[in-house]
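Coordinates from run24.txt are shown below (compact mmCIF, C-alpha atoms and all ligand atoms).
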# COMPACT_ATOMS: atom_id res chain seq x y z
CA MET A 1 -11.62 16.53 1.25
CA THR A 2 -8.27 17.93 2.40
CA PRO A 3 -6.95 16.05 5.44
CA SER A 4 -7.29 18.07 8.66
CA ASP A 5 -4.60 18.62 11.30
CA GLU A 6 -6.28 15.90 13.34
CA ASP A 7 -6.09 13.47 10.37
CA ILE A 8 -2.38 14.23 10.06
CA TRP A 9 -1.83 13.74 13.79
CA HIS A 10 -3.79 10.46 13.67
CA PHE A 11 -1.72 9.17 10.75
CA GLN A 12 1.59 10.13 12.36
CA HIS A 13 0.60 8.69 15.75
CA SER A 14 -1.27 5.53 14.75
CA GLY A 15 0.34 4.90 11.37
CA TYR A 16 -2.83 4.49 9.34
CA TYR A 17 -5.67 6.56 7.90
CA VAL A 18 -8.99 5.63 6.30
CA VAL A 19 -9.56 8.06 3.43
CA PRO A 20 -13.15 9.37 3.82
CA GLN A 21 -13.90 9.56 0.08
CA THR A 22 -14.51 6.44 -2.03
CA LEU A 23 -13.81 5.75 -5.70
CA PRO A 24 -16.62 6.57 -8.14
CA GLU A 25 -18.84 3.56 -8.82
CA ALA A 26 -18.10 3.59 -12.58
CA LEU A 27 -14.35 3.30 -11.88
CA ILE A 28 -14.89 0.45 -9.42
CA ALA A 29 -16.92 -1.39 -12.08
CA ARG A 30 -14.11 -0.94 -14.66
CA LEU A 31 -11.50 -2.12 -12.13
CA ASN A 32 -13.51 -5.27 -11.44
CA ALA A 33 -14.10 -5.89 -15.16
CA ALA A 34 -10.34 -5.61 -15.86
CA THR A 35 -9.66 -7.95 -12.92
CA ASP A 36 -12.17 -10.48 -14.28
CA ARG A 37 -10.37 -10.41 -17.66
CA GLU A 38 -6.95 -10.95 -16.07
CA LEU A 39 -8.25 -13.83 -13.96
CA ALA A 40 -10.04 -15.50 -16.89
CA ALA A 41 -6.85 -15.30 -18.99
CA LEU A 42 -4.76 -16.75 -16.10
CA ARG A 43 -2.26 -14.07 -17.03
CA GLU A 44 1.08 -14.32 -15.21
CA PRO A 45 2.66 -13.22 -12.95
CA VAL A 46 0.28 -14.54 -10.30
CA VAL A 47 0.54 -16.06 -6.81
CA TRP A 48 -1.59 -19.14 -6.26
CA GLU A 49 -3.40 -20.16 -3.13
CA LYS A 50 -1.90 -23.17 -1.34
CA GLY A 51 -2.83 -26.48 -2.98
CA ASP A 52 -2.71 -27.91 -6.48
CA GLY A 53 -5.67 -26.03 -8.03
CA ARG A 54 -4.63 -23.95 -11.03
CA ASP A 55 -7.79 -22.34 -12.34
CA SER A 56 -8.90 -18.74 -11.92
CA ARG A 57 -10.58 -19.48 -8.56
CA ASP A 58 -7.18 -20.49 -7.15
CA ILE A 59 -5.46 -17.17 -7.87
CA ARG A 60 -4.59 -15.41 -4.64
CA ARG A 61 -2.80 -12.42 -6.15
CA LEU A 62 -2.30 -10.77 -9.52
CA SER A 63 1.22 -9.32 -9.51
CA LYS A 64 2.46 -6.33 -11.57
CA ILE A 65 -1.07 -4.93 -11.62
CA LEU A 66 -0.08 -1.47 -12.91
CA GLN A 67 1.30 -3.00 -16.11
CA ARG A 68 -1.89 -4.92 -16.88
CA ASP A 69 -4.48 -2.27 -17.75
CA PRO A 70 -4.46 1.57 -17.62
CA VAL A 71 -7.50 1.53 -15.33
CA PHE A 72 -5.27 0.38 -12.45
CA MET A 73 -3.00 3.42 -12.89
CA GLU A 74 -6.13 5.59 -13.01
CA ALA A 75 -7.11 4.30 -9.56
CA ALA A 76 -3.55 4.72 -8.25
CA THR A 77 -3.47 8.40 -9.22
CA GLN A 78 -6.89 9.58 -8.03
CA PRO A 79 -6.38 13.18 -6.82
CA PHE A 80 -8.12 12.56 -3.49
CA LEU A 81 -5.77 9.63 -2.82
CA LEU A 82 -2.71 11.77 -3.62
CA ASP A 83 -4.10 14.52 -1.34
CA ALA A 84 -4.23 12.00 1.49
CA LEU A 85 -0.72 10.71 0.72
CA GLU A 86 0.62 14.24 1.07
CA ILE A 87 -0.05 13.85 4.83
CA ALA A 88 2.95 11.60 5.07
CA LEU A 89 4.98 12.17 1.94
CA GLY A 90 4.77 15.87 1.17
CA PRO A 91 4.12 17.34 -2.28
CA ASN A 92 6.49 15.23 -4.45
CA ILE A 93 5.29 11.63 -4.63
CA ASP A 94 6.63 8.55 -6.43
CA LEU A 95 4.57 5.41 -7.05
CA LEU A 96 6.78 2.31 -6.91
CA THR A 97 6.50 -0.43 -9.51
CA ASN A 98 8.96 -2.78 -7.76
CA LYS A 99 7.25 -2.89 -4.35
CA HIS A 100 3.69 -4.17 -3.85
CA ASN A 101 2.11 -3.32 -7.23
CA HIS A 102 -0.32 -6.21 -6.91
CA LEU A 103 -3.99 -7.00 -6.53
CA MET A 104 -5.04 -9.35 -3.75
CA VAL A 105 -7.92 -11.43 -5.13
CA ARG A 106 -8.46 -13.39 -1.91
CA PRO A 107 -10.92 -16.01 -3.22
CA PRO A 108 -13.23 -17.85 -0.78
CA GLN A 109 -11.14 -19.78 1.80
CA SER A 110 -8.04 -17.75 0.87
CA GLY A 111 -5.51 -18.28 3.66
CA ILE A 112 -4.10 -15.75 6.09
CA VAL A 113 -1.51 -13.09 5.27
CA PRO A 114 1.05 -13.66 8.06
CA TRP A 115 2.07 -10.85 10.40
CA HIS A 116 4.66 -8.67 8.75
CA SER A 117 6.05 -5.20 8.53
CA GLY A 118 6.81 -4.23 4.94
CA GLU A 119 9.74 -1.98 5.88
CA GLU A 120 12.00 -1.58 8.90
CA ALA A 121 10.91 1.23 11.26
CA TYR A 122 14.18 3.11 10.64
CA GLU A 123 13.72 3.23 6.87
CA PRO A 124 12.38 6.31 5.05
CA THR A 125 8.59 6.31 5.12
CA LEU A 126 6.93 4.09 2.55
CA VAL A 127 3.16 4.43 2.50
CA THR A 128 1.00 1.53 1.39
CA ALA A 129 -2.41 2.21 -0.12
CA LEU A 130 -5.02 -0.55 -0.18
CA ILE A 131 -7.71 0.26 -2.73
CA TYR A 132 -10.80 -1.88 -2.26
CA LEU A 133 -12.63 -3.25 -5.28
CA GLU A 134 -14.97 -5.15 -2.96
CA GLU A 135 -16.12 -4.65 0.60
CA SER A 136 -13.74 -5.97 3.23
CA THR A 137 -15.22 -7.33 6.45
CA ILE A 138 -14.24 -9.35 9.50
CA GLU A 139 -15.88 -12.38 7.83
CA ASN A 140 -13.88 -12.11 4.61
CA GLY A 141 -10.61 -11.57 6.45
CA CYS A 142 -10.01 -7.80 6.45
CA VAL A 143 -6.55 -6.43 7.08
CA ARG A 144 -5.48 -6.04 10.74
CA ILE A 145 -3.02 -3.30 11.66
CA VAL A 146 -0.99 -2.84 14.84
CA PRO A 147 -1.47 0.91 15.50
CA GLY A 148 1.72 2.76 16.39
CA SER A 149 4.02 -0.18 15.59
CA HIS A 150 5.95 2.03 13.12
CA HIS A 151 7.33 3.80 16.25
CA ARG A 152 8.89 0.67 17.77
CA PRO A 153 12.23 1.64 19.31
CA PHE A 154 13.77 -1.83 18.77
CA ARG A 155 14.54 -4.20 15.90
CA GLN A 156 11.99 -6.93 15.51
CA GLN A 157 11.60 -9.84 13.16
CA GLN A 158 10.02 -8.34 10.04
CA ARG A 159 7.98 -11.36 8.96
CA TYR A 160 6.53 -14.15 11.11
CA PRO A 161 5.57 -17.60 9.84
CA GLY A 162 1.81 -17.98 9.44
CA GLY A 163 1.27 -20.99 11.71
CA ASP A 164 0.33 -19.14 14.90
CA PHE A 165 -1.52 -16.19 13.31
CA HIS A 166 -4.40 -16.35 15.82
CA THR A 167 -2.26 -16.90 18.92
CA HIS A 168 0.61 -14.52 18.10
CA ALA A 169 0.91 -11.46 20.40
CA LEU A 170 0.39 -9.21 17.35
CA TYR A 171 -3.09 -10.68 16.87
CA TYR A 172 -4.01 -9.15 20.26
CA HIS A 173 -2.25 -5.86 19.51
CA ALA A 174 -3.87 -5.43 16.10
CA LEU A 175 -7.12 -3.73 15.09
CA PRO A 176 -9.24 -5.15 12.26
CA VAL A 177 -9.93 -2.44 9.66
CA PRO A 178 -13.11 -3.27 7.67
CA MET A 179 -13.41 -1.17 4.52
CA PRO A 180 -16.22 -0.31 2.09
CA ARG A 181 -16.18 -1.16 -1.61
CA GLY A 182 -14.24 1.68 -3.27
CA GLY A 183 -12.60 2.69 0.02
CA ILE A 184 -8.89 3.45 0.42
CA LEU A 185 -6.77 2.68 3.48
CA ILE A 186 -3.29 4.15 3.70
CA PHE A 187 -0.71 3.13 6.27
CA ASN A 188 2.95 3.46 7.10
CA ASP A 189 4.41 0.26 5.65
CA SER A 190 6.57 -0.30 8.73
CA CYS A 191 3.40 -0.91 10.78
CA PHE A 192 2.87 -4.60 11.51
CA HIS A 193 -0.15 -5.98 9.71
CA GLY A 194 -1.73 -9.23 8.54
CA ALA A 195 -5.06 -10.51 7.28
CA ASP A 196 -7.33 -13.38 8.27
CA VAL A 197 -8.84 -16.24 6.26
CA ASN A 198 -11.63 -15.32 3.85
CA ARG A 199 -14.54 -17.23 5.37
CA SER A 200 -17.14 -15.77 3.00
CA PRO A 201 -18.40 -17.34 -0.27
CA HIS A 202 -17.03 -14.36 -2.30
CA SER A 203 -13.65 -12.92 -3.22
CA ARG A 204 -12.26 -9.88 -1.36
CA ARG A 205 -10.31 -7.84 -3.91
CA SER A 206 -7.98 -4.95 -3.14
CA MET A 207 -5.01 -3.35 -4.88
CA THR A 208 -1.80 -2.91 -2.86
CA LEU A 209 0.42 -0.01 -3.91
CA GLY A 210 3.56 1.60 -2.47
CA TYR A 211 4.39 5.34 -2.50
CA ARG A 212 7.43 7.29 -1.34
CA ALA A 213 8.56 10.90 -1.14
CA HIS A 214 10.56 11.77 -4.23
CA ASP A 215 12.63 14.18 -2.10
CA ALA A 216 14.29 11.34 -0.13
CA HIS A 217 18.09 11.32 -0.50
CA ASP A 218 18.35 7.72 -1.62
CA VAL A 219 15.87 8.18 -4.44
CA SER A 220 17.49 7.97 -7.84
CA LYS A 221 16.05 10.86 -9.82
CA GLU A 222 15.52 8.84 -13.00
CA ASP A 223 14.70 5.41 -11.52
CA PRO A 224 12.54 3.56 -14.09
CA GLU A 225 10.85 1.65 -11.24
CA LYS A 226 9.35 4.89 -9.85
CA VAL A 227 6.59 6.92 -11.45
CA LEU A 228 6.28 10.54 -10.34
CA VAL A 229 2.55 10.89 -9.70
CA ARG A 230 2.51 14.30 -8.02
CA GLY A 231 4.81 17.31 -7.78
CA GLU A 232 8.27 17.55 -9.25
CA ARG A 233 11.68 15.89 -9.23
CA THR A 234 13.34 18.01 -6.55
CA TYR A 235 16.98 17.71 -5.49
CA THR A 236 17.59 18.29 -1.77
CA GLY A 237 21.25 17.24 -1.45
CA HIS A 238 24.31 19.46 -1.52
CA PRO A 239 25.51 19.96 -5.09
CA HIS A 240 29.23 19.70 -5.77
CA PRO A 241 30.97 21.97 -6.51
CA PHE A 242 29.03 24.10 -4.06
CA PRO A 243 27.74 27.26 -5.80
CA ASN A 244 29.16 30.64 -4.80
CA LEU A 245 27.10 33.82 -4.78
CA PRO A 246 28.59 37.18 -5.86
CA ASP A 247 28.60 38.34 -2.23
CA GLY A 248 30.18 35.19 -0.78
CA PRO A 249 29.51 31.47 -0.43
CA LEU A 250 26.07 30.14 0.48
CA THR A 251 25.82 29.07 4.09
CA ASP A 252 26.38 25.33 4.16
CA THR A 253 23.07 24.42 5.80
O1 LIG B 1 -5.47 -7.35 2.28
C1 LIG B 1 -4.75 -8.32 2.40
O2 LIG B 1 -5.16 -9.46 2.24
C2 LIG B 1 -3.30 -8.14 2.76
C3 LIG B 1 -2.72 -6.91 2.22
C4 LIG B 1 -1.24 -6.93 2.38
O3 LIG B 1 -0.70 -7.00 3.45
C5 LIG B 1 -0.43 -6.91 1.16
O4 LIG B 1 -0.96 -6.94 0.05
O5 LIG B 1 0.83 -6.88 1.31
Target encoding structure tokens, full file:
Amino acid sequence: MTPSDEDIWHFQHSGYYVVPQTLPEALIARLNAATDRELAALREPVVWEKGDGRDSRDIRRLSKILQRDPVFMEAATQPFLLDALEIALGPNIDLLTNKHNHLMVRPPQSGIVPWHSGEEAYEPTLVTALIYLEESTIENGCVRIVPGSHHRPFRQQQRYPGGDFHTHALYYHALPVPMPRGGILIFNDSCFHGADVNRSPHSRRSMTLGYRAHDAHDVSKEDPEKVLVRGERTYTGHPHPFPNLPDGPLTDT
């Protein structure tokens, strides 16, 4: 479903958008099967939950998820996801392998994700996509987003310590965003967000991916950490020497 003008307005104003379509069930099953294999193998790099436990139930996050199994890239490049990303990033889209690129496993009792903004508000737009392999609810600690916080007109600490998660002002500014299994949430990565404790008896798995416009001036055209997933490698700077036309120089706009 192509995003409507209202969807675009909502994303630009609030900073997030719940994609209406969900992943096909067969793909969700393959994503979970690949995740089970990675967890059973205790394959690094991983981030552990707090504490000394070091078995598969203690894995909080599988890092470098795109390098682990092609099924994760298949999810990251679903056409309906890329259609939604065009809202914010235009037609030429890079998927980053050196930002996010992980799968939050969030086992039972998994601790909070402290309030943070992935990017500064003045930075070029980076869009985060959370792709849900399992349903995300208030009980299992769904992500909470502060709508509109990507518009803040002041510098603010980018990452807060976790200790006062439930008493921090951002807790009262944020909206919980429950998501269905197979759902995709995209948001401007400079929005403040965090996630609560998983108080359910099950894991709450989601992939976290970062996308940027390939057109941006600071993007290196052949950066091995970026995978062009839609469109083309455009150049929007001023070439030097500046080309002349037979009937005079181009206007320098
Ligand atoms: O869903 C979560 O637990 C947190 C997602 C998030 O903020 C991240 O992966 O950076």
Using 9 Å as the limit and counting only C-alpha atoms and all ligand atoms, can you tabulate each residue of chain A that touches ligand LIG 1 (chain B), with its shortest atom-to-atom distance in Å and the two atoms involved, as CSV?
residue,atom,partner,partner_atom,distance
A:Arg61,CA,B:LIG1,O4,8.5
A:His100,CA,B:LIG1,O5,6.5
A:Asn101,CA,B:LIG1,O4,8.7
A:His102,CA,B:LIG1,O4,7.0
A:Leu103,CA,B:LIG1,O4,7.2
A:Met104,CA,B:LIG1,O2,6.0
A:Val105,CA,B:LIG1,O2,8.1
A:Arg106,CA,B:LIG1,O2,6.6
A:Ser110,CA,B:LIG1,O2,8.9
A:Gly111,CA,B:LIG1,O2,8.9
A:Ile112,CA,B:LIG1,O2,7.5
A:Val113,CA,B:LIG1,C2,5.8
A:Pro114,CA,B:LIG1,O3,8.3
A:Trp115,CA,B:LIG1,O3,8.4
A:His116,CA,B:LIG1,O3,7.7
A:Ser117,CA,B:LIG1,O3,8.6
A:Gly118,CA,B:LIG1,O5,7.5
A:Thr128,CA,B:LIG1,O5,8.4
A:Leu130,CA,B:LIG1,C3,7.2
A:Tyr132,CA,B:LIG1,O1,8.9
A:Ser136,CA,B:LIG1,O1,8.4
A:Gly141,CA,B:LIG1,O2,7.2
A:Cys142,CA,B:LIG1,O1,6.2
A:Val143,CA,B:LIG1,O1,5.0
A:Arg144,CA,B:LIG1,C2,8.5
A:His193,CA,B:LIG1,O3,6.4
A:Gly194,CA,B:LIG1,O3,5.7
A:Ala195,CA,B:LIG1,O2,5.1
A:Asp196,CA,B:LIG1,O2,7.5
A:Val197,CA,B:LIG1,O2,8.7
A:Asn198,CA,B:LIG1,O2,8.9
A:Arg204,CA,B:LIG1,O2,8.0
A:Arg205,CA,B:LIG1,O1,7.9
A:Ser206,CA,B:LIG1,O1,6.4
A:Met207,CA,B:LIG1,O4,7.3
A:Thr208,CA,B:LIG1,O4,5.0
A:Leu209,CA,B:LIG1,O4,8.1
Neighbour list for Glu49 of chain A as JSON, numbers by chain, cut-off 6 Å, all atoms listed in the file, skip fewer than 5 positions in-chain: {"A": [58, 59, 60]}
Considering only C-alpha atoms, can you say which of A:Ser56, A:Leu175, A:Ser190, A:Pro124 comes closest to Val219 of chain A? A:Pro124
For each of A:Pro201, A:Pro153, A:Pro70, A:Gly90, take the minimum atom-to-atom distance to Ala121 of chain A, counting all atoms listed in the file, then give the residue where this is smallest. A:Pro153
Could you check which residues have any atom within 8 Å of (-6.3, -0.9, 5.3), counting all atoms listed in the file with coordinates taken straight from the file, and then list them as a list in words?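 Those residues lying close to the given coordinates are Tyr16, Tyr17, Val18, Ala129, Leu130, Cys142, Val143, Arg144, Ile145, Val177, Pro178, Met179, Ile184, Leu185, Ile186 and Phe187 of chain A.
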With all atoms listed in the file as the atoms that count, which of A:Asn92, A:Asn98, A:Gln157, A:Gln78 lies nearest to Lys221 of chain A? A:Asn92
The residue from A:Leu245, A:His240, A:Glu86, A:Arg57 with the smallest atom-to-atom distance to Ser4 of chain A, counting all atoms listed in the file, is A:Glu86
Hey, which of A:Asp215, A:Asp36, A:Glu120, A:Asp223 ends up closest to Asp69 of chain A? Count all atoms listed in the file. A:Asp36
What does the structure give for the distance between atom CA of Pro24 of chain A and atom CA of His214 of chain A, in Å to one decimal?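 Result for atom CA of Pro24 of chain A versus atom CA of His214 of chain A: 27.9 Å, one decimal.
Proximity ranking of A:Tyr235, A:Phe192, A:Phe165, A:Tyr172 relative to Ala213 of chain A places A:Tyr235 first, based on only C-alpha atoms.
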Write out as a ChimeraX atom specification the residues lying within 9 Å of Leu66 of chain A, counting only C-alpha atoms and excluding same-chain residues fewer than 5 positions away. /A:71-73,76,97,101-102
Interatomic distance, atom CA of His168 of chain A to atom CA of Val146 of chain A (Å, one decimal):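 Here the two named atoms are 12.2 Å from each other.
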Please return the centre and edge lengths, in Å to one decimal, of a box with edges along x, y and z that contains all listed atoms of segment 173-189 of chain A, widened by 8 Å on every side, as JSON.
{"center_x": -5.9, "center_y": -0.9, "center_z": 8.1, "size_x": 36.6, "size_y": 26.0, "size_z": 38.8}
Mind giving me the straight-line distance from atom CA of His13 of chain A to atom CA of Leu89 of chain A in Å, one decimal?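 It comes out at 14.9 Å.
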Determine, counting all atoms listed in the file, which protein, DNA and RNA residues have an atom within 6 Å of an atom of Gly182 of chain A; residues of the same chain fewer than 2 positions away are not included. Present the result as a list in words.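 The filter keeps Thr22, Leu23, Tyr132 and Leu133 of chain A.
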Tell me, as a list of chain:residue names, which residues lie within 8 Å of Pro108 of chain A, counting only C-alpha atoms; anything in the same chain fewer than 3 positions away does not count. A:Asn140, A:Asn198, A:Arg199, A:Ser200, A:Pro201, A:His202, A:Ser203
Please, can segment 14-42 of chain A be completed to N, CA and C atoms and returned as a PDB file, in the coordinates of the input?
ATOM      1  N   SER A  14      -0.787   6.914  14.840  1.00  0.00           N
ATOM      2  CA  SER A  14      -1.270   5.530  14.750  1.00  0.00           C
ATOM      3  C   SER A  14      -0.693   4.790  13.548  1.00  0.00           C
ATOM      4  N   GLY A  15      -0.293   5.534  12.527  1.00  0.00           N
ATOM      5  CA  GLY A  15       0.340   4.900  11.370  1.00  0.00           C
ATOM      6  C   GLY A  15      -0.613   4.547  10.253  1.00  0.00           C
ATOM      7  N   TYR A  16      -1.902   4.806  10.428  1.00  0.00           N
ATOM      8  CA  TYR A  16      -2.830   4.490   9.340  1.00  0.00           C
ATOM      9  C   TYR A  16      -3.917   5.543   9.259  1.00  0.00           C
ATOM     10  N   TYR A  17      -4.629   5.553   8.121  1.00  0.00           N
ATOM     11  CA  TYR A  17      -5.670   6.560   7.900  1.00  0.00           C
ATOM     12  C   TYR A  17      -6.659   6.001   6.883  1.00  0.00           C
ATOM     13  N   VAL A  18      -7.930   6.044   7.234  1.00  0.00           N
ATOM     14  CA  VAL A  18      -8.990   5.630   6.300  1.00  0.00           C
ATOM     15  C   VAL A  18      -9.424   6.879   5.542  1.00  0.00           C
ATOM     16  N   VAL A  19      -9.201   6.893   4.233  1.00  0.00           N
ATOM     17  CA  VAL A  19      -9.560   8.060   3.430  1.00  0.00           C
ATOM     18  C   VAL A  19     -11.089   8.137   3.379  1.00  0.00           C
ATOM     19  N   PRO A  20     -11.680   9.310   3.729  1.00  0.00           N
ATOM     20  CA  PRO A  20     -13.150   9.370   3.820  1.00  0.00           C
ATOM     21  C   PRO A  20     -13.868   9.180   2.480  1.00  0.00           C
ATOM     22  N   GLN A  21     -13.243   9.642   1.398  1.00  0.00           N
ATOM     23  CA  GLN A  21     -13.900   9.560   0.080  1.00  0.00           C
ATOM     24  C   GLN A  21     -13.721   8.155  -0.510  1.00  0.00           C
ATOM     25  N   THR A  22     -14.665   7.729  -1.342  1.00  0.00           N
ATOM     26  CA  THR A  22     -14.510   6.440  -2.030  1.00  0.00           C
ATOM     27  C   THR A  22     -14.410   6.664  -3.538  1.00  0.00           C
ATOM     28  N   LEU A  23     -13.922   5.661  -4.238  1.00  0.00           N
ATOM     29  CA  LEU A  23     -13.810   5.750  -5.700  1.00  0.00           C
ATOM     30  C   LEU A  23     -15.191   5.853  -6.316  1.00  0.00           C
ATOM     31  N   PRO A  24     -15.316   6.540  -7.469  1.00  0.00           N
ATOM     32  CA  PRO A  24     -16.620   6.570  -8.140  1.00  0.00           C
ATOM     33  C   PRO A  24     -17.026   5.158  -8.573  1.00  0.00           C
ATOM     34  N   GLU A  25     -18.326   4.897  -8.515  1.00  0.00           N
ATOM     35  CA  GLU A  25     -18.840   3.560  -8.820  1.00  0.00           C
ATOM     36  C   GLU A  25     -18.417   3.079 -10.218  1.00  0.00           C
ATOM     37  N   ALA A  26     -18.446   4.004 -11.202  1.00  0.00           N
ATOM     38  CA  ALA A  26     -18.100   3.590 -12.580  1.00  0.00           C
ATOM     39  C   ALA A  26     -16.651   3.102 -12.648  1.00  0.00           C
ATOM     40  N   LEU A  27     -15.752   3.736 -11.894  1.00  0.00           N
ATOM     41  CA  LEU A  27     -14.350   3.300 -11.880  1.00  0.00           C
ATOM     42  C   LEU A  27     -14.215   1.935 -11.194  1.00  0.00           C
ATOM     43  N   ILE A  28     -14.950   1.747 -10.109  1.00  0.00           N
ATOM     44  CA  ILE A  28     -14.890   0.450  -9.420  1.00  0.00           C
ATOM     45  C   ILE A  28     -15.351  -0.659 -10.370  1.00  0.00           C
ATOM     46  N   ALA A  29     -16.406  -0.386 -11.139  1.00  0.00           N
ATOM     47  CA  ALA A  29     -16.920  -1.390 -12.080  1.00  0.00           C
ATOM     48  C   ALA A  29     -15.856  -1.712 -13.136  1.00  0.00           C
ATOM     49  N   ARG A  30     -15.154  -0.681 -13.636  1.00  0.00           N
ATOM     50  CA  ARG A  30     -14.110  -0.940 -14.660  1.00  0.00           C
ATOM     51  C   ARG A  30     -12.925  -1.691 -14.052  1.00  0.00           C
ATOM     52  N   LEU A  31     -12.594  -1.394 -12.793  1.00  0.00           N
ATOM     53  CA  LEU A  31     -11.500  -2.120 -12.130  1.00  0.00           C
ATOM     54  C   LEU A  31     -11.851  -3.603 -11.983  1.00  0.00           C
ATOM     55  N   ASN A  32     -13.104  -3.865 -11.607  1.00  0.00           N
ATOM     56  CA  ASN A  32     -13.510  -5.270 -11.440  1.00  0.00           C
ATOM     57  C   ASN A  32     -13.579  -5.984 -12.785  1.00  0.00           C
ATOM     58  N   ALA A  33     -14.027  -5.258 -13.832  1.00  0.00           N
ATOM     59  CA  ALA A  33     -14.100  -5.890 -15.160  1.00  0.00           C
ATOM     60  C   ALA A  33     -12.682  -6.236 -15.644  1.00  0.00           C
ATOM     61  N   ALA A  34     -11.732  -5.330 -15.442  1.00  0.00           N
ATOM     62  CA  ALA A  34     -10.340  -5.610 -15.860  1.00  0.00           C
ATOM     63  C   ALA A  34      -9.776  -6.779 -15.051  1.00  0.00           C
ATOM     64  N   THR A  35     -10.123  -6.839 -13.771  1.00  0.00           N
ATOM     65  CA  THR A  35      -9.660  -7.950 -12.920  1.00  0.00           C
ATOM     66  C   THR A  35     -10.243  -9.270 -13.411  1.00  0.00           C
ATOM     67  N   ASP A  36     -11.536  -9.266 -13.748  1.00  0.00           N
ATOM     68  CA  ASP A  36     -12.170 -10.480 -14.280  1.00  0.00           C
ATOM     69  C   ASP A  36     -11.431 -10.969 -15.523  1.00  0.00           C
ATOM     70  N   ARG A  37     -11.065 -10.019 -16.408  1.00  0.00           N
ATOM     71  CA  ARG A  37     -10.370 -10.410 -17.660  1.00  0.00           C
ATOM     72  C   ARG A  37      -9.015 -11.031 -17.348  1.00  0.00           C
ATOM     73  N   GLU A  38      -8.277 -10.429 -16.412  1.00  0.00           N
ATOM     74  CA  GLU A  38      -6.950 -10.950 -16.070  1.00  0.00           C
ATOM     75  C   GLU A  38      -7.057 -12.345 -15.452  1.00  0.00           C
ATOM     76  N   LEU A  39      -8.069 -12.528 -14.607  1.00  0.00           N
ATOM     77  CA  LEU A  39      -8.250 -13.830 -13.960  1.00  0.00           C
ATOM     78  C   LEU A  39      -8.638 -14.886 -14.996  1.00  0.00           C
ATOM     79  N   ALA A  40      -9.573 -14.527 -15.891  1.00  0.00           N
ATOM     80  CA  ALA A  40     -10.040 -15.500 -16.890  1.00  0.00           C
ATOM     81  C   ALA A  40      -8.893 -15.919 -17.801  1.00  0.00           C
ATOM     82  N   ALA A  41      -7.972 -14.988 -18.087  1.00  0.00           N
ATOM     83  CA  ALA A  41      -6.850 -15.300 -18.990  1.00  0.00           C
ATOM     84  C   ALA A  41      -5.719 -16.024 -18.249  1.00  0.00           C
ATOM     85  N   LEU A  42      -5.829 -16.158 -16.934  1.00  0.00           N
ATOM     86  CA  LEU A  42      -4.760 -16.750 -16.100  1.00  0.00           C
ATOM     87  C   LEU A  42      -3.418 -16.088 -16.413  1.00  0.00           C
TER      88      LEU A  42
END
